[in-house]
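> I'd like to ask some things about the structure below.
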Amino acid sequence: MNRRLVGVAAGLALIVLVAVAVAAANPALLITGYETTTVEAVDGETGESLATVEARVADGFVKRYVGLSATEELAEDEGMLFVHDDAAERAYVMREMAFGLDIVFVAPNGTVTTIHGAEPESAPLTRYRGTGRYVLEVPRGWSERHGVEPGDQIVFDCG
């Protein structure tokens with residue numbers, strides 16, 4: 001009887017080990033789905049609406065780590081909003097990306113602090129740095145096409 005229990009325990013341990021290895025190799029498999037929110041860019045001086053995107057919300061460690069790396073392309077009105085617990089200096093990279101992005105750093109009050117235009121590249125990975133609680137990733141050139149710049153506001157309903 002004890003041999004049988006040991007065998008079952010060993011089998012279960014092997015299954016868990018394989019599952020952990022698969023998840024480590026492809027963290028996107030751990031993500032069951034994203035909430036979405038409408039994100040609006042508003043001119044910081046006039047209050048005029050500049051653009052909106054429907055953004056997937058990356059509000060947990062795994063979702064933030066995977067980011068858009070498991071995405072083939074974004075439409076002009078799509079993006080991802082990364083939600084962190086607090087404002088801090090952050091660095092984002094273009095890990096396993098197939099297309100360029102604008103990386104928009106946003107303060108807790110919604111003010112755009114920094115915008116980087118980023119293209120996919122190989123190692124060593126460029127670190128795009130900025131300060132904020134939120135980071136909005138949208139298709140490359142989105143900020144320029146819509147006149148979004150530091151000092152403007154990003155408005156959304158989440159986090």
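Each chain of the structure tokens is named A, B, ... in the order shown, its residues numbered from 1; ligands are numbered from 1 in display order.
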Give the alpha helix (DSSP H) residues of region 3-152 of chain A, as assigned by DSSP on the backbone, as JSON, numbers by chain.
{"A": [3, 4, 5, 6, 7, 8, 9, 10, 11, 12, 13, 14, 15, 16, 17, 18, 19, 20, 21, 22, 23, 24, 25, 61, 62, 63, 64, 65, 66, 142, 143, 144, 145, 146]}
> Please write the residues from the selection above to a file, keeping N, CA and C atoms, as a short mmCIF file (atom, residue, chain, number, x, y, z; two decimals), in the first residue's frame.

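Result saved to part_11.cif:
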```
data_model
loop_
_atom_site.label_atom_id
_atom_site.label_comp_id
_atom_site.auth_asym_id
_atom_site.auth_seq_id
_atom_site.Cartn_x
_atom_site.Cartn_y
_atom_site.Cartn_z
N ARG A 3 3.89 1.59 -1.11
CA ARG A 3 4.55 1.72 -2.41
C ARG A 3 3.63 2.40 -3.42
N ARG A 4 2.38 2.02 -3.35
CA ARG A 4 1.41 2.60 -4.28
C ARG A 4 1.27 4.11 -4.02
N LEU A 5 1.18 4.52 -2.75
CA LEU A 5 1.08 5.94 -2.40
C LEU A 5 2.32 6.71 -2.85
N VAL A 6 3.47 6.11 -2.67
CA VAL A 6 4.72 6.74 -3.10
C VAL A 6 4.69 6.92 -4.62
N GLY A 7 4.23 5.92 -5.33
CA GLY A 7 4.14 6.00 -6.80
C GLY A 7 3.18 7.09 -7.25
N VAL A 8 2.03 7.17 -6.60
CA VAL A 8 1.05 8.20 -6.93
C VAL A 8 1.63 9.59 -6.62
N ALA A 9 2.26 9.74 -5.47
CA ALA A 9 2.86 11.02 -5.09
C ALA A 9 3.95 11.41 -6.09
N ALA A 10 4.77 10.47 -6.50
CA ALA A 10 5.82 10.75 -7.47
C ALA A 10 5.22 11.16 -8.82
N GLY A 11 4.15 10.50 -9.22
CA GLY A 11 3.47 10.86 -10.47
C GLY A 11 2.90 12.26 -10.42
N LEU A 12 2.25 12.60 -9.31
CA LEU A 12 1.70 13.94 -9.14
C LEU A 12 2.80 15.00 -9.13
N ALA A 13 3.90 14.70 -8.45
CA ALA A 13 5.04 15.63 -8.41
C ALA A 13 5.59 15.87 -9.81
N LEU A 14 5.67 14.82 -10.61
CA LEU A 14 6.15 14.94 -11.98
C LEU A 14 5.21 15.82 -12.81
N ILE A 15 3.91 15.64 -12.65
CA ILE A 15 2.93 16.46 -13.37
C ILE A 15 3.08 17.93 -12.98
N VAL A 16 3.20 18.19 -11.69
CA VAL A 16 3.37 19.57 -11.22
C VAL A 16 4.67 20.16 -11.78
N LEU A 17 5.74 19.40 -11.77
CA LEU A 17 7.02 19.87 -12.29
C LEU A 17 6.93 20.21 -13.77
N VAL A 18 6.26 19.38 -14.55
CA VAL A 18 6.09 19.64 -15.98
C VAL A 18 5.24 20.90 -16.18
N ALA A 19 4.16 21.06 -15.40
CA ALA A 19 3.31 22.24 -15.51
C ALA A 19 4.08 23.51 -15.19
N VAL A 20 4.91 23.47 -14.16
CA VAL A 20 5.72 24.64 -13.79
C VAL A 20 6.71 24.96 -14.90
N ALA A 21 7.34 23.95 -15.48
CA ALA A 21 8.30 24.17 -16.56
C ALA A 21 7.63 24.78 -17.79
N VAL A 22 6.45 24.29 -18.14
CA VAL A 22 5.72 24.82 -19.29
C VAL A 22 5.32 26.27 -19.03
N ALA A 23 4.83 26.57 -17.83
CA ALA A 23 4.44 27.94 -17.49
C ALA A 23 5.64 28.87 -17.49
N ALA A 24 6.79 28.39 -17.02
CA ALA A 24 7.99 29.22 -17.01
C ALA A 24 8.45 29.52 -18.44
N ALA A 25 8.32 28.54 -19.33
CA ALA A 25 8.73 28.73 -20.71
C ALA A 25 7.78 29.65 -21.48
N PHE A 61 1.22 40.61 -11.85
CA PHE A 61 2.61 40.40 -12.23
C PHE A 61 2.76 39.66 -13.56
N VAL A 62 2.06 38.55 -13.73
CA VAL A 62 2.22 37.76 -14.95
C VAL A 62 1.73 38.54 -16.16
N LYS A 63 0.59 39.21 -16.04
CA LYS A 63 0.07 40.00 -17.16
C LYS A 63 1.02 41.13 -17.52
N ARG A 64 1.60 41.79 -16.52
CA ARG A 64 2.57 42.85 -16.81
C ARG A 64 3.83 42.27 -17.45
N TYR A 65 4.28 41.12 -16.98
CA TYR A 65 5.50 40.50 -17.52
C TYR A 65 5.30 40.11 -18.99
N VAL A 66 4.19 39.47 -19.29
CA VAL A 66 3.91 39.03 -20.66
C VAL A 66 3.63 40.23 -21.55
N TRP A 142 1.25 56.48 -32.55
CA TRP A 142 -0.09 56.88 -32.10
C TRP A 142 -0.04 58.25 -31.42
N SER A 143 0.92 58.45 -30.54
CA SER A 143 1.01 59.71 -29.79
C SER A 143 1.19 60.89 -30.74
N GLU A 144 2.08 60.77 -31.70
CA GLU A 144 2.33 61.86 -32.64
C GLU A 144 1.11 62.11 -33.53
N ARG A 145 0.49 61.04 -34.02
CA ARG A 145 -0.68 61.19 -34.90
C ARG A 145 -1.83 61.91 -34.20
N HIS A 146 -1.94 61.75 -32.88
CA HIS A 146 -3.06 62.34 -32.15
C HIS A 146 -2.64 63.55 -31.31
#
```
> I'd like the neighbourhood of region 34-39 of chain A as a PDB file with N, CA and C atoms, in the first residue's frame, where a residue qualifies if any of its atoms comes within 7 Å (using only C-alpha atoms), though same-chain residues fewer than 6 positions away should be ignored.

```
ATOM      1  N   THR A  52      -8.987  57.968 -28.341  1.00  0.00           N
ATOM      2  CA  THR A  52      -9.359  56.904 -27.401  1.00  0.00           C
ATOM      3  C   THR A  52      -8.839  55.573 -27.936  1.00  0.00           C
ATOM      4  N   VAL A  53      -8.575  54.682 -27.010  1.00  0.00           N
ATOM      5  CA  VAL A  53      -8.219  53.304 -27.358  1.00  0.00           C
ATOM      6  C   VAL A  53      -8.943  52.364 -26.397  1.00  0.00           C
ATOM      7  N   GLU A  54      -9.222  51.186 -26.877  1.00  0.00           N
ATOM      8  CA  GLU A  54      -9.738  50.127 -26.015  1.00  0.00           C
ATOM      9  C   GLU A  54      -8.511  49.335 -25.572  1.00  0.00           C
ATOM     10  N   ALA A  55      -8.239  49.339 -24.266  1.00  0.00           N
ATOM     11  CA  ALA A  55      -7.000  48.758 -23.751  1.00  0.00           C
ATOM     12  C   ALA A  55      -7.268  47.551 -22.877  1.00  0.00           C
ATOM     13  N   ARG A  56      -6.470  46.514 -23.088  1.00  0.00           N
ATOM     14  CA  ARG A  56      -6.443  45.391 -22.159  1.00  0.00           C
ATOM     15  C   ARG A  56      -5.730  45.866 -20.909  1.00  0.00           C
ATOM     16  N   VAL A  57      -6.193  45.420 -19.756  1.00  0.00           N
ATOM     17  CA  VAL A  57      -5.616  45.866 -18.485  1.00  0.00           C
ATOM     18  C   VAL A  57      -4.687  44.785 -17.935  1.00  0.00           C
ATOM     19  N   ILE A 154      -4.346  61.191 -19.335  1.00  0.00           N
ATOM     20  CA  ILE A 154      -4.872  59.906 -19.745  1.00  0.00           C
ATOM     21  C   ILE A 154      -5.991  59.577 -18.761  1.00  0.00           C
ATOM     22  N   VAL A 155      -7.184  59.348 -19.277  1.00  0.00           N
ATOM     23  CA  VAL A 155      -8.367  59.134 -18.443  1.00  0.00           C
ATOM     24  C   VAL A 155      -8.913  57.742 -18.699  1.00  0.00           C
ATOM     25  N   PHE A 156      -9.192  56.998 -17.637  1.00  0.00           N
ATOM     26  CA  PHE A 156      -9.740  55.642 -17.751  1.00  0.00           C
ATOM     27  C   PHE A 156     -10.390  55.286 -16.437  1.00  0.00           C
ATOM     28  N   ASP A 157     -11.109  54.169 -16.435  1.00  0.00           N
ATOM     29  CA  ASP A 157     -11.830  53.730 -15.245  1.00  0.00           C
ATOM     30  C   ASP A 157     -11.325  52.351 -14.823  1.00  0.00           C
TER      31      ASP A 157
END
```
> For each of A:His84, A:Arg95, A:Arg90, A:Arg133, take the minimum atom-to-atom distance to Ala107 (chain A), counting only C-alpha atoms, then give the residue where this is smallest.
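So, comparing all the options, the nearest one is A:Arg133.
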> Between CA of Met94 (chain A) and CA of Gly33 (chain A), what is the distance, to one decimal in Å?
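Distance between the two atoms: 21.3 Å.
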> In Å, with one decimal, what is the gap from CA of Tyr134 (chain A) to CA of Val42 (chain A)?
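Computed distance, CA of Tyr134 (chain A) to CA of Val42 (chain A), equals 15.7 Å.
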> Of the candidates A:Pro150, A:Phe105, A:Ser69, A:Thr111, which shows the shortest atom-to-atom distance to Gly130 (chain A), using only C-alpha atoms?
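Of A:Pro150, A:Phe105, A:Ser69, A:Thr111, the one nearest Gly130 (chain A), counting only C-alpha atoms, is A:Phe105.
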